[in-house]
Amino acid sequence: MTIGRVLALDHRRVGGAIGAVLAALVALGGMVPVAAAADEFPVGWEGYHTYAEMVADIHAVADAHPDIVDLFSIGKTYKGRDIWAAKISDNVADDEAEPEVLFDGLHHAREHMSLEMTLKILHWLADGDGVDQRITDIVTSREVWIIFSVNPDGAEFDIKNGEYHLWRKNRQPTPGSSKIGTDLNRNYDYRWGCCGGSSGNPANLMYRGWKPFSAPETRAVRDFVESRVVDGWQQIRTHITFHTSGRLVMWPYGYTLANVPSDMSSDDHAAFVAMGKKMASLNGYRPQQASDLYITDGRFGDWIYGTQRVFTYTFEMTVGWYPDDSKIGPETARNRSAILYLIEQADCPWRAAGLAAIDCGAFYDDLELGHGWRPNAQGTDTATDGAWQRGNPQGTSSSGPKQLGTTYSASRALVTGLKAGSRPAANDVDGGLTSITSPPIHLPATPGRLTFRYYLAHNAGSSSADAFRAVVMADDGDHVVLTEKGAARDDDAAWKSASIDIGAYAGQTIHLRFEAVDGAGANLLEAGVDDVRVRRP
């Protein structure tokens, strides 16, 4: 059979049913599909993988490479299909302390090229190990995860009866409605439904679901990603979610037009832009922030960065939703260098922006996520109010700012009492000492300097009995490495920079402890800490 070509008409100028048909044909890449057997791709698209063909392919690869490929399901779709994933690493059965990378495809049913991309990555890594030195180095030094098809129910429906249906959503019924399907890439709970970037109408292509994670597919992805949090730290460092179309490399956020909103640090933004532009230079795509395409909310990319701090990108592949199968090879191949680059950057995503020495040392916590800081970890605190907390503080003022309502970076810091209360001294430090202790920090043989931002603020009722202290808890005991004392004068809050030589603790596993002490009696006292780092030497 032959495939007819569509005349070069601008479908945007044609109204009604004819316009809709022409729009669909444009989405097919300018080709008219010929129907095939049920649940197969139309003639001219047979090179794409159905769900059954995908399952057979990934199992064949796993069987051929059992030492480096582990195949598993992260959960079930609404229709009961397995959501298949793979881990690729040299010691695949072990959870090694290696940077991790995640890829996923087919959040949207009609975007079949995205599945071909995830399958191609599996083949590159599995078939290239021991053959291609760059691939071998990646398999040896990384743990790579691939979720091949997030939405196989929708993808199978999209090719039902061997014809395309322009289907986008999953196949889950909506309670109280006759409509079927949720847009999985609007169903994540970060900024869900916040910003006009999704729809509450079940008939809409961008229907966000009746609540966040109402779809079993998004819950499965969430649970898998969260399972990679080890000792409070997300192990996945870089990620690409594949979509179509437009040939774009996009970074967060989708929910806002602001380049660096309050829930992103300037260092992270610099790394996003630098890596995004580099990948675009390798694959010929256009680099941009996700919201530059259009506003979206509840999207996977916003969630995995906003809640997990993973450096995530969306690749919008191809031109049109349904390019014929002759485009699979060229379109996936053009992404090879960009994808391998992203895997290699997982050990230090900030390197691309020239920030490796600052952000890629033994420890970096911008305090946006809960990494295991413990108030009163030694059980010796005496303060009756103003205990250390991690969060977004409210500002207080008494003859000037005493608790800053802004952090040094992004939106969270350590502060002595997050809430302002009804008066400036309502939640300040009272009655003695309050402390907070870091998670363990494993120092290399040659550590860089310990740096952090901090402030100590007080009113004129203060004295040298008030203090802020930084303590290194090392093998041979506790060492005070910074002290700032109060004085009988008003001192407003302002972020200061600390830089401390910790070479004496090289090779040890240490903890940091920050203390604020009210020793002067009934005076106003506040403290804060942000952006704690052990830099590279």
# chains A, B, ... in the order shown; residues from 1 in each chain; ligands from 1
>>> closest_atom_pairs(of="range 233-263 of chain A", to="range 359-376 of chain A", cutoff="12 Å", atoms="only C-alpha atoms", output="tab-separated table")
residue	atom	partner	partner_atom	distance
A:Trp233	CA	A:His371	CA	6.1
A:Gln234	CA	A:His371	CA	9.2
A:Ser262	CA	A:Glu368	CA	10.6
A:Asp263	CA	A:Glu368	CA	8.1
>>> residues_around(residues="Ala356 in chain A", least_positions_apart="6", cutoff="9 Å", atoms="only C-alpha atoms", output="list in words")
Cys348, Pro349, Trp350, Arg535 and Arg536 of chain A
>>> select_by_dssp(residues="range 176-317 of chain A", states="helix (DSSP H, G or I)", output="PyMOL selection string")
chain A and resi 184-186+216-227+266-283+290-292+300-306
>>> select_by_dssp(residues="range 239-367 of chain A", states="strand (DSSP E)", output="count of residues only")
24
>>> residues_around(residues="range 282-287 of chain A", least_positions_apart="2", cutoff="6 Å", atoms="only C-alpha atoms", output="ChimeraX atom specification")
/A:247-250,276-277,279-280,334-335,338
>>> write_last_selection(atoms="all heavy atoms", output="short mmCIF file (atom, residue, chain, number, x, y, z; two decimals), in the first residue's frame")
data_model
loop_
_atom_site.label_atom_id
_atom_site.label_comp_id
_atom_site.auth_asym_id
_atom_site.auth_seq_id
_atom_site.Cartn_x
_atom_site.Cartn_y
_atom_site.Cartn_z
N ARG A 247 11.49 19.94 19.07
CA ARG A 247 12.94 19.97 19.17
C ARG A 247 13.41 21.07 20.12
O ARG A 247 14.06 22.04 19.74
CB ARG A 247 13.58 20.10 17.79
CG ARG A 247 13.37 18.82 16.97
CD ARG A 247 14.13 18.83 15.67
NE ARG A 247 13.95 17.54 14.98
CZ ARG A 247 13.85 17.39 13.67
NH1 ARG A 247 13.91 18.45 12.88
NH2 ARG A 247 13.71 16.19 13.14
N LEU A 248 13.06 20.89 21.39
CA LEU A 248 13.40 21.82 22.45
C LEU A 248 14.13 21.09 23.57
O LEU A 248 13.83 19.93 23.87
CB LEU A 248 12.15 22.48 23.02
CG LEU A 248 11.23 23.21 22.05
CD1 LEU A 248 9.94 23.62 22.75
CD2 LEU A 248 11.93 24.44 21.47
N VAL A 249 15.07 21.78 24.22
CA VAL A 249 15.64 21.36 25.49
C VAL A 249 15.15 22.35 26.53
O VAL A 249 15.47 23.54 26.46
CB VAL A 249 17.19 21.35 25.45
CG1 VAL A 249 17.76 21.08 26.83
CG2 VAL A 249 17.70 20.32 24.45
N MET A 250 14.36 21.87 27.52
CA MET A 250 13.72 22.79 28.46
C MET A 250 14.06 22.42 29.90
O MET A 250 14.12 21.25 30.26
CB MET A 250 12.20 22.75 28.27
CG MET A 250 11.74 23.10 26.86
SD MET A 250 9.97 23.43 26.73
CE MET A 250 9.28 21.85 27.25
N GLY A 276 21.72 23.03 29.74
CA GLY A 276 20.72 23.04 28.69
C GLY A 276 21.27 23.55 27.38
O GLY A 276 21.02 22.98 26.31
N LYS A 277 22.03 24.63 27.45
CA LYS A 277 22.61 25.18 26.22
C LYS A 277 23.65 24.23 25.62
O LYS A 277 23.76 24.11 24.40
CB LYS A 277 23.22 26.55 26.51
CG LYS A 277 22.19 27.64 26.75
CD LYS A 277 22.84 29.00 26.95
CE LYS A 277 21.78 30.09 27.07
NZ LYS A 277 22.38 31.43 27.28
N MET A 279 23.65 20.90 25.84
CA MET A 279 22.94 19.80 25.19
C MET A 279 22.31 20.24 23.89
O MET A 279 22.32 19.51 22.89
CB MET A 279 21.90 19.20 26.15
CG MET A 279 22.52 18.40 27.28
SD MET A 279 21.33 17.48 28.27
CE MET A 279 20.50 18.81 29.14
N ALA A 280 21.77 21.46 23.87
CA ALA A 280 21.18 21.97 22.64
C ALA A 280 22.23 22.15 21.54
O ALA A 280 21.95 21.95 20.35
CB ALA A 280 20.47 23.29 22.92
N ARG A 334 20.41 11.82 16.94
CA ARG A 334 20.86 13.20 17.14
C ARG A 334 20.94 13.56 18.63
O ARG A 334 21.58 14.54 19.00
CB ARG A 334 19.96 14.18 16.39
CG ARG A 334 18.59 14.36 17.00
CD ARG A 334 17.69 15.24 16.12
NE ARG A 334 18.22 16.59 16.01
CZ ARG A 334 17.86 17.48 15.08
NH1 ARG A 334 16.98 17.12 14.15
NH2 ARG A 334 18.37 18.69 15.05
N ASN A 335 20.31 12.75 19.49
CA ASN A 335 20.33 13.03 20.92
C ASN A 335 21.42 12.27 21.67
O ASN A 335 21.58 12.46 22.89
CB ASN A 335 18.97 12.68 21.55
CG ASN A 335 17.93 13.73 21.24
OD1 ASN A 335 18.20 14.93 21.36
ND2 ASN A 335 16.75 13.29 20.85
N ALA A 338 24.12 14.42 23.52
CA ALA A 338 23.51 15.21 24.59
C ALA A 338 23.15 14.34 25.78
O ALA A 338 23.35 14.72 26.94
CB ALA A 338 22.28 15.93 24.07
#
>>> closest_residue(among="A:Thr509, A:Gln378, A:Asn259, A:Ser462", to="Asp475 in chain A", atoms="only C-alpha atoms")
A:Thr509
>>> residues_around(residues="Pro393 in chain A", least_positions_apart="6", cutoff="12 Å", atoms="only C-alpha atoms", output="list in words")
Lys402, Gln403, Leu404, Gly405, Thr406, Thr407, Tyr408, Ala410, Ser411, Arg412, Ala413, Leu414, Val415, Thr416, Gly417, Leu418, Lys419, Ala420, Gly421, Asn427, Glu526, Ala527, Gly528, Val529 and Asp530 of chain A
>>> closest_residue(among="A:Ile295, A:Met117, A:Val229, A:Val273", to="Thr318 in chain A", atoms="only C-alpha atoms")
A:Met117
>>> closest_residue(among="A:Arg351, A:Asp478, A:Asn523, A:Trp210", to="Ala425 in chain A", atoms="only C-alpha atoms")
A:Asn523
>>> residues_around(residues="Ala85 in chain A", least_positions_apart="3", cutoff="6 Å", atoms="only C-alpha atoms", output="tab-separated table (two decimals) with all heavy atoms, in the first residue's frame")
chain	number	residue	atom	x	y	z
A	71	LEU	N	15.88	-5.62	35.10
A	71	LEU	CA	14.56	-5.20	34.63
A	71	LEU	C	13.53	-5.42	35.73
A	71	LEU	O	13.52	-6.46	36.39
A	71	LEU	CB	14.19	-6.03	33.39
A	71	LEU	CG	13.07	-5.51	32.49
A	71	LEU	CD1	13.44	-4.16	31.89
A	71	LEU	CD2	12.80	-6.52	31.38
A	72	PHE	N	12.63	-4.45	35.91
A	72	PHE	CA	11.63	-4.55	36.98
A	72	PHE	C	10.46	-3.62	36.66
A	72	PHE	O	10.55	-2.74	35.79
A	72	PHE	CB	12.24	-4.17	38.33
A	72	PHE	CG	12.80	-2.78	38.40
A	72	PHE	CD1	12.08	-1.74	38.96
A	72	PHE	CD2	14.06	-2.50	37.89
A	72	PHE	CE1	12.59	-0.45	39.02
A	72	PHE	CE2	14.59	-1.22	37.94
A	72	PHE	CZ	13.85	-0.19	38.50
A	73	SER	N	9.37	-3.81	37.37
A	73	SER	CA	8.18	-2.96	37.22
A	73	SER	C	8.08	-2.04	38.42
A	73	SER	O	8.26	-2.47	39.57
A	73	SER	CB	6.92	-3.81	37.13
A	73	SER	OG	5.75	-3.00	37.20
A	146	ILE	N	15.87	3.77	33.71
A	146	ILE	CA	15.02	4.12	32.57
A	146	ILE	C	13.60	3.62	32.86
A	146	ILE	O	13.41	2.42	33.10
A	146	ILE	CB	15.51	3.48	31.26
A	146	ILE	CG1	16.97	3.85	30.98
A	146	ILE	CG2	14.64	3.94	30.09
A	146	ILE	CD1	17.57	3.10	29.79
A	147	ILE	N	12.64	4.52	32.86
A	147	ILE	CA	11.22	4.15	32.87
A	147	ILE	C	10.75	4.30	31.43
A	147	ILE	O	10.61	5.40	30.92
A	147	ILE	CB	10.40	5.05	33.82
A	147	ILE	CG1	10.97	5.01	35.23
A	147	ILE	CG2	8.93	4.62	33.82
A	147	ILE	CD1	10.32	5.99	36.20
A	148	PHE	N	10.50	3.18	30.78
A	148	PHE	CA	10.34	3.19	29.33
A	148	PHE	C	9.04	3.85	28.89
A	148	PHE	O	9.04	4.69	27.98
A	148	PHE	CB	10.41	1.76	28.78
A	148	PHE	CG	11.72	1.10	29.04
A	148	PHE	CD1	11.88	0.23	30.11
A	148	PHE	CD2	12.82	1.37	28.24
A	148	PHE	CE1	13.10	-0.37	30.37
A	148	PHE	CE2	14.05	0.78	28.49
A	148	PHE	CZ	14.19	-0.09	29.57
>>> closest_residue(among="A:Met473, A:Gly521, A:Ala493, A:Ile68", to="Tyr505 in chain A", atoms="only C-alpha atoms")
A:Met473
>>> residues_around(residues="Val101 in chain A", least_positions_apart="6", cutoff="12 Å", atoms="only C-alpha atoms", output="PyMOL selection string")
chain A and resi 86-89+121+138-139+141-147+225+228+234-241+310-313+339-349
>>> write_last_selection(atoms="N, CA and C atoms", output="compact mmCIF listing (two decimals), in the first residue's frame")
# COMPACT_ATOMS: atom_id res chain seq x y z
N ALA A 86 14.28 -0.17 33.99
CA ALA A 86 15.54 -0.91 34.01
C ALA A 86 16.58 -0.10 34.76
N LYS A 87 17.48 -0.82 35.39
CA LYS A 87 18.69 -0.23 35.96
C LYS A 87 19.88 -0.75 35.17
N ILE A 88 20.80 0.14 34.80
CA ILE A 88 22.00 -0.25 34.08
C ILE A 88 23.20 0.23 34.89
N SER A 89 24.07 -0.70 35.29
CA SER A 89 25.26 -0.39 36.04
C SER A 89 26.16 -1.62 36.06
N ILE A 121 18.29 4.33 24.42
CA ILE A 121 19.27 4.51 25.49
C ILE A 121 19.65 3.17 26.10
N ILE A 138 30.71 5.08 31.55
CA ILE A 138 29.42 5.44 32.13
C ILE A 138 28.84 4.28 32.92
N VAL A 139 28.83 3.10 32.35
CA VAL A 139 28.27 1.93 33.03
C VAL A 139 29.05 1.62 34.30
N SER A 141 30.68 3.86 36.23
CA SER A 141 30.69 4.94 37.22
C SER A 141 29.33 5.52 37.55
N ARG A 142 28.27 5.05 36.91
CA ARG A 142 26.93 5.59 37.13
C ARG A 142 25.92 4.47 37.37
N GLU A 143 24.80 4.84 37.97
CA GLU A 143 23.63 3.98 37.99
C GLU A 143 22.55 4.69 37.19
N VAL A 144 22.16 4.09 36.08
CA VAL A 144 21.21 4.71 35.15
C VAL A 144 19.88 3.97 35.25
N TRP A 145 18.82 4.72 35.42
CA TRP A 145 17.47 4.18 35.50
C TRP A 145 16.66 4.65 34.29
N ILE A 146 15.87 3.77 33.71
CA ILE A 146 15.02 4.12 32.57
C ILE A 146 13.60 3.62 32.86
N ILE A 147 12.64 4.52 32.86
CA ILE A 147 11.22 4.15 32.87
C ILE A 147 10.75 4.30 31.43
N VAL A 225 10.84 7.38 42.43
CA VAL A 225 11.82 8.46 42.63
C VAL A 225 12.12 8.63 44.12
N ARG A 228 14.61 6.39 45.87
CA ARG A 228 16.04 6.63 45.65
C ARG A 228 16.61 7.67 46.62
N GLN A 234 18.59 12.49 47.92
CA GLN A 234 18.16 11.95 46.64
C GLN A 234 19.40 11.58 45.83
N GLN A 235 19.45 10.32 45.40
CA GLN A 235 20.61 9.83 44.67
C GLN A 235 20.55 10.18 43.18
N ILE A 236 19.36 10.37 42.64
CA ILE A 236 19.23 10.76 41.23
C ILE A 236 19.63 12.23 41.11
N ARG A 237 20.59 12.49 40.26
CA ARG A 237 21.10 13.86 40.15
C ARG A 237 20.67 14.55 38.86
N THR A 238 20.59 13.80 37.76
CA THR A 238 20.17 14.40 36.49
C THR A 238 19.08 13.54 35.86
N HIS A 239 18.27 14.15 34.99
CA HIS A 239 17.09 13.46 34.48
C HIS A 239 16.62 14.13 33.19
N ILE A 240 16.11 13.30 32.29
CA ILE A 240 15.41 13.81 31.10
C ILE A 240 14.09 13.08 30.97
N THR A 241 13.02 13.83 30.76
CA THR A 241 11.73 13.27 30.39
C THR A 241 11.50 13.60 28.92
N VAL A 310 16.43 17.44 41.69
CA VAL A 310 17.07 16.75 40.57
C VAL A 310 17.19 17.74 39.41
N PHE A 311 18.33 17.75 38.76
CA PHE A 311 18.52 18.63 37.59
C PHE A 311 17.84 17.95 36.40
N THR A 312 16.68 18.46 36.06
CA THR A 312 15.77 17.81 35.13
C THR A 312 15.58 18.63 33.86
N TYR A 313 15.43 17.91 32.75
CA TYR A 313 15.18 18.55 31.45
C TYR A 313 14.05 17.81 30.75
N ILE A 339 22.63 13.16 25.52
CA ILE A 339 22.22 12.25 26.60
C ILE A 339 23.45 11.74 27.35
N LEU A 340 24.48 11.34 26.64
CA LEU A 340 25.69 10.87 27.31
C LEU A 340 26.33 11.99 28.12
N TYR A 341 26.29 13.21 27.61
CA TYR A 341 26.79 14.36 28.34
C TYR A 341 26.06 14.52 29.67
N LEU A 342 24.73 14.43 29.65
CA LEU A 342 23.94 14.60 30.87
C LEU A 342 24.29 13.51 31.89
N ILE A 343 24.48 12.28 31.42
CA ILE A 343 24.86 11.21 32.34
C ILE A 343 26.21 11.53 32.99
N GLU A 344 27.12 12.01 32.21
CA GLU A 344 28.46 12.31 32.72
C GLU A 344 28.46 13.48 33.69
N GLN A 345 27.50 14.39 33.57
CA GLN A 345 27.43 15.55 34.46
C GLN A 345 26.82 15.21 35.82
N ALA A 346 26.31 14.00 36.01
CA ALA A 346 25.56 13.68 37.22
C ALA A 346 26.42 13.77 38.48
N ASP A 347 27.73 13.62 38.38
CA ASP A 347 28.56 13.72 39.57
C ASP A 347 28.67 15.16 40.06
N CYS A 348 28.48 16.13 39.18
CA CYS A 348 28.63 17.54 39.54
C CYS A 348 27.85 18.41 38.55
N PRO A 349 26.53 18.52 38.71
CA PRO A 349 25.74 19.29 37.73
C PRO A 349 26.14 20.75 37.63
>>> residues_around(residues="Ala352 in chain A", least_positions_apart="3", cutoff="7 Å", atoms="only C-alpha atoms", output="VMD selection string")
chain A and resid 271 274 to 275 349
>>> write_last_selection(atoms="N, CA and C atoms", output="PDB file, in the first residue's frame")
ATOM      1  N   ALA A 271      23.366  26.467  36.522  1.00  0.00           N
ATOM      2  CA  ALA A 271      23.684  25.123  36.045  1.00  0.00           C
ATOM      3  C   ALA A 271      22.665  24.643  35.024  1.00  0.00           C
ATOM      4  N   ALA A 274      23.393  26.443  31.710  1.00  0.00           N
ATOM      5  CA  ALA A 274      24.648  26.019  31.085  1.00  0.00           C
ATOM      6  C   ALA A 274      24.534  24.615  30.500  1.00  0.00           C
ATOM      7  N   MET A 275      23.978  23.667  31.273  1.00  0.00           N
ATOM      8  CA  MET A 275      23.823  22.310  30.750  1.00  0.00           C
ATOM      9  C   MET A 275      22.820  22.266  29.611  1.00  0.00           C
ATOM     10  N   PRO A 349      26.530  18.521  38.705  1.00  0.00           N
ATOM     11  CA  PRO A 349      25.739  19.286  37.735  1.00  0.00           C
ATOM     12  C   PRO A 349      26.139  20.752  37.635  1.00  0.00           C
TER      13      PRO A 349
END
>>> closest_residue(among="A:Arg513, A:Arg336, A:Lys278, A:Arg168", to="Ile180 in chain A", atoms="only C-alpha atoms")
A:Arg168
>>> closest_residue(among="A:Thr140, A:Thr314, A:Ser227, A:Gln133", to="His107 in chain A", atoms="only C-alpha atoms")
A:Thr314
